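Only one structure is covered here, and it is reproduced in the block below.
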Number of protein chains: 2
Amino acid sequence: MSASPKGHMNPTIHAVARAAGVSSGTVSNALNHPARLAPGTLKRVHHAILDLGYIRSAAGRTLIRNRSDSLGLVMPDLVNVLFVEIARGAQRSATEQGKRLVTANSGFNAHELAAGTTQLDQQDEYLEYFAEARTDGVLVASMRDPSRGIERIRNHVRPIVVINYDVPRADWCTVLMDNEQVGRAAIEHIADLGIRRAYFVSIPDIVQPIVERRRGVRAAAAARGVVLTEIGTAGLFPEDGAAALSGILPEPGGERIAILGANDRLAIGALQLLRARPDLRVPEDVAVLGMDGDHRDDGADWITLTSIVLPGQAMGAEAIRLIDAEAQPGHEHERAVLPVSVRPGASTIGG
Amino acid sequence: MSASPKGHMNPTIHAVARAAGVSSGTVSNALNHPARLAPGTLKRVHHAILDLGYIRSAAGRTLIRNRSDSLGLVMPDLVNVLFVEIARGAQRSATEQGKRLVTANSGFNAHELAAGTTQLDQQDEYLEYFAEARTDGVLVASMRDPSRGIERIRNHVRPIVVINYDVPRADWCTVLMDNEQVGRAAIEHIADLGIRRAYFVSIPDIVQPIVERRRGVRAAAAARGVVLTEIGTAGLFPEDGAAALSGILPEPGGERIAILGANDRLAIGALQLLRARPDLRVPEDVAVLGMDGDHRDDGADWITLTSIVLPGQAMGAEAIRLIDAEAQPGHEHERAVLPVSVRPGASTIGG
DNA sequence: CTGAAAGCGCTTACAG
DNA sequence: CTGAAAGCGCTTACAG
């Protein structure tokens with residue numbers, strides 16, 4: 001049981017073979033096909049393995065098998081809760097299927113992008129890393145087009161699933177949430193409440209989800225006869241929302257309006273302004289809604305924020321399922337679009 | 001430039017050599033010691049690499065170099081924001097130093113542990129995974145004793161740094177935050193405000209940070225003459241805090257008290273109760289404080305929560321630094337304990 | 001400056 | 001049931 005009785009570091013399969021008085025092929029069989037060994041031999045080998053603190057080298061094994069029994073997940077930065085949820089869903093699902101999942105963070109940060117301070121992210125580097133490792137499959141959760149990086153590794157890693165970015169006619173499976181539905185659901189929700197005038201508060205169209213939410217908002221507003229005004233912000237934080245909105249709050253007794261934040265933080269910026277305006281009632285005068293369920297309502301809020309719940313964990317789990325499906329012969333690439341739902345709060349429905 | 005002109009998959013170094021009309025050793029040199037090649041040869045090799053979509057196999061390379069040029073990080077579940085911050089700090093720091101960092105989630109969940117519904121986590125499995133991969137160093141962020149898993153891989157991976165768990169006389173470097181200071185700082189803060197009676201609300205001592213925070217709270221309360229009452233909860237959520245505290249709220253006009261949540265969510269449970277009690281003023285009658293800076297105060301709160309800011313990103317960065325330091329000859333294991341600080345909010349200081 | 005050869009630690013038919 | 005041997009894809013002295 002002692003880790004290393006002979007002081008040897010890095011014991012190999014040959015050291016184990018010597019200690020057990022067998023050949024290295026037999027040690028390998030003990031690990032890979034134990035049923036082939038006589039019980040006594042198996043026991044001796046296992047004893048030697050424990051005694052030497054032997055751990056098989058993945059390099060030798062991967063080299064000859066040309067597979068590594070593990071999956072890779074490339075993530076943007078973890079500031080966005082959506083990606084934490086995607087990672088959790090994927091990890092759980094992989095574990096349930098007995099697969100190892102290993103994650104790399106590319107350092108992409110939408111806040112920085114919006115503020116114009118982005119450095120390059122490491123997405124392509126980590127894709128290459130997983131390709132070098134001959135990972136059995138790669139999941140890429142992304143805020144930007146991953147095509148170039150994927151193109152490079154195509155010859156070396158087969159099942160690839162892209163999460164959260166939609167490339168037309170892509171040569172891989174894709175898992176998306178329905179961002180147009182996010183925008184539509186927001187408008188539907190306030191239209192159902194009888195509100196006829198809405199402000200959509202958002203950064204410019206620099207990332208795909210924003211583009212699509214805007215499209216959904218516009219389409220639904222047109223369909224429902226909601227008068228829509230779009231307000232641009234410099235960033236995705238509450239103060240950006242507050243700064244952009246300070247001019248548009250109505251006088252008391254005016255027409256009822258809704259403020260729709262492209263994300264929850266922007267909506268919270270609106271709530272901050274409104275807290276300082278006791279003459280305006282929420283939601284009777286101004287209804288407020290966020291669009292990415294990022295804000296964790298744990299009961300400390302002065303008013304709970306209505307938002308759209310994004311299916312992060314489900315997206316992660318779906319991606320693992322598709323990795324599997326891709327491995328089936330004759331599989332056609334799938335494009336899964338997962339639905340979202342409104343989580344009503346007092347900021348629109350009161351109570 | 002086409003990915004695979006001859007339809008070959010998994011091109012090897014030999015395929016590249018053939019295409020470039022050189023030997024495989026020369027291709028290897030082009031990758032590892034480009035200066036050794038004649039410019040024309042180098043160019044031909046690079047062209048062949050691009051043309052074939054060649055990506056070097058880490059397996060062959062690791063096998064002969066016995067190192068993989070990457071670091072592994074084993075994390076508990078990402079529900080706890082502290083660990084997200086640790087991961088971000090480690091990732092950023094590794095990137096700055098040009099190192100690849102790859103992460104695995106063990107699925108340990110303190111909430112589930114507190115609720116008694118834990119399954120086993122995968123910490124040891126992923127430690128073994130990184131050992132098999134001959135990772136150049138391993139970081140383990142943990143809520144439980146990782147000794148067994150580390151002991152097993154000791155012969156195969158050298159620099160090991162444990163984050164957030166303190167093993168006495170450990171044979172590795174350790175990065176901690178000062179959890180006793182967390183408890184002390186909480187008491188100091190409210191004692192400085194003149195409060196003489198405090199309630200410490202916490203799950204039982206099933207994880208190390210709780211043990212130490214309790215110890216710090218007790219020591220500081222004794223030192224400062226604060227009358228301390230400890231309240232047990234069944235879990236770490238706001239509703240657990242609210243359930244445990246509903247009996248202890250004072251009548252208006254009584255002695256001023258402080259409620260100290262072992263984490264922010266428990267403190268928020270107290271805030272929920274207090275919002276329903278307009279006869280009690282916060283912080284004049286009841287001051288409330290959380291202990292893990294987990295709650296993101298983004299301005300939607302009815303009152304901002306005073307809390308203790310934990311040095312998550314700094315811990316991650318420090319761990320990367322120690323991996324480096326361990327590699328120096330003659331290095332002695334370090335035990336870094338990073339300080340915490342109070343983030344004052346209206347829930348204790350008003351305003 | 002380039003090539004031939006050895007060897008890293010495994011797994012897998014194949015003999016025996 | 002076990003062992004000897006080939007080979008996975010690389011890198012690195014070493015000749016030339």
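Residue names in the structure tokens use chain letters A, B, ... in the order shown, residue numbers from 1 in each chain, and ligand numbers from 1 in the order shown.
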Select from chain A every residue with an atom at most 10 Å from any atom of chain D, then for each give the shortest pair of atoms and their distance in Å to one decimal, using only C-alpha atoms (C1' of nucleotides), rows by chain and rising number, as a tab-separated table.
residue	atom	partner	partner_atom	distance
A:Val22	CA	D:DT2	C1'	8.0
A:Ser23	CA	D:DG3	C1'	6.2
A:Ser24	CA	D:DG3	C1'	8.6
A:Gly25	CA	D:DG3	C1'	7.4
A:Thr26	CA	D:DT2	C1'	6.9
A:Arg36	CA	D:DC1	C1'	7.2
A:Leu37	CA	D:DC1	C1'	6.3
A:Ala38	CA	D:DC1	C1'	6.5
A:Thr41	CA	D:DC1	C1'	9.5
A:Gly60	CA	D:DC8	C1'	8.0
A:Arg61	CA	D:DC8	C1'	8.7
A:Thr62	CA	D:DC8	C1'	8.4
A:Leu63	CA	D:DC8	C1'	4.9
A:Ile64	CA	D:DC8	C1'	4.0
A:Arg65	CA	D:DC8	C1'	7.5
A:Asn66	CA	D:DC8	C1'	7.9
Contact residues (chain A, partner chain B, 8 Å, only C-alpha atoms) as a PyMOL selection string: chain A and resi 3-4+8-11+53-60+62-63+77-78+84+88+91-92+101-105+107+128+131-134+151-156+238+265+268-269+271-272+298-303
Residue list (alpha helix (DSSP H), DSSP) for range 174-292 of chain A, as JSON, numbers by chain: {"A": [179, 180, 181, 182, 183, 184, 185, 186, 187, 188, 189, 190, 191, 192, 208, 209, 210, 211, 212, 213, 214, 215, 216, 217, 218, 219, 220, 221, 222, 223, 224, 238, 239, 240, 241, 242, 243, 244, 245, 264, 265, 266, 267, 268, 269, 270, 271, 272, 273, 274, 275]}
Separation of CA of Gly89 in chain B from CA of Val309 in chain A, in Å and rounded to one decimal: 28.0 Å
Sort by chain and increasing residue number a table of all residues of range 157-186 of chain B within 12 Å of range 341-349 of chain B, each with its closest pair of atoms and their distance in Å to one decimal, counting only C-alpha atoms, and write it as a Markdown table.
| residue | atom | partner | partner_atom | distance |
| --- | --- | --- | --- | --- |
| B:Met177 | CA | B:Ser341 | CA | 10.7 |
| B:Asp178 | CA | B:Ser341 | CA | 10.1 |
| B:Asn179 | CA | B:Ser341 | CA | 11.1 |
| B:Gln181 | CA | B:Ser341 | CA | 8.8 |
| B:Val182 | CA | B:Ser341 | CA | 7.9 |
| B:Gly183 | CA | B:Val342 | CA | 10.7 |
| B:Arg184 | CA | B:Val342 | CA | 10.6 |
| B:Ala185 | CA | B:Val342 | CA | 6.9 |
| B:Ala186 | CA | B:Val342 | CA | 7.6 |
Selected residues written out with N, CA and C atoms, as a PDB file, in the first residue's frame:
ATOM      1  N   MET B 177      -8.681  30.797   1.968  1.00  0.00           N
ATOM      2  CA  MET B 177      -9.026  32.119   2.463  1.00  0.00           C
ATOM      3  C   MET B 177      -9.106  31.988   3.977  1.00  0.00           C
ATOM      4  N   ASP B 178      -9.081  33.101   4.642  1.00  0.00           N
ATOM      5  CA  ASP B 178      -9.065  33.067   6.097  1.00  0.00           C
ATOM      6  C   ASP B 178     -10.499  33.012   6.623  1.00  0.00           C
ATOM      7  N   ASN B 179     -11.016  31.801   6.768  1.00  0.00           N
ATOM      8  CA  ASN B 179     -12.413  31.672   7.184  1.00  0.00           C
ATOM      9  C   ASN B 179     -12.644  32.072   8.632  1.00  0.00           C
ATOM     10  N   GLN B 181     -11.149  34.551   9.903  1.00  0.00           N
ATOM     11  CA  GLN B 181     -11.251  36.007   9.751  1.00  0.00           C
ATOM     12  C   GLN B 181     -12.637  36.408   9.253  1.00  0.00           C
ATOM     13  N   VAL B 182     -13.217  35.557   8.406  1.00  0.00           N
ATOM     14  CA  VAL B 182     -14.584  35.827   7.946  1.00  0.00           C
ATOM     15  C   VAL B 182     -15.501  35.991   9.155  1.00  0.00           C
ATOM     16  N   GLY B 183     -15.428  35.010  10.059  1.00  0.00           N
ATOM     17  CA  GLY B 183     -16.270  35.067  11.252  1.00  0.00           C
ATOM     18  C   GLY B 183     -15.924  36.244  12.148  1.00  0.00           C
ATOM     19  N   ARG B 184     -14.631  36.449  12.339  1.00  0.00           N
ATOM     20  CA  ARG B 184     -14.201  37.571  13.181  1.00  0.00           C
ATOM     21  C   ARG B 184     -14.643  38.899  12.593  1.00  0.00           C
ATOM     22  N   ALA B 185     -14.422  39.050  11.287  1.00  0.00           N
ATOM     23  CA  ALA B 185     -14.752  40.323  10.643  1.00  0.00           C
ATOM     24  C   ALA B 185     -16.236  40.634  10.793  1.00  0.00           C
ATOM     25  N   ALA B 186     -17.051  39.595  10.728  1.00  0.00           N
ATOM     26  CA  ALA B 186     -18.492  39.802  10.878  1.00  0.00           C
ATOM     27  C   ALA B 186     -18.796  40.362  12.270  1.00  0.00           C
TER      28      ALA B 186
END
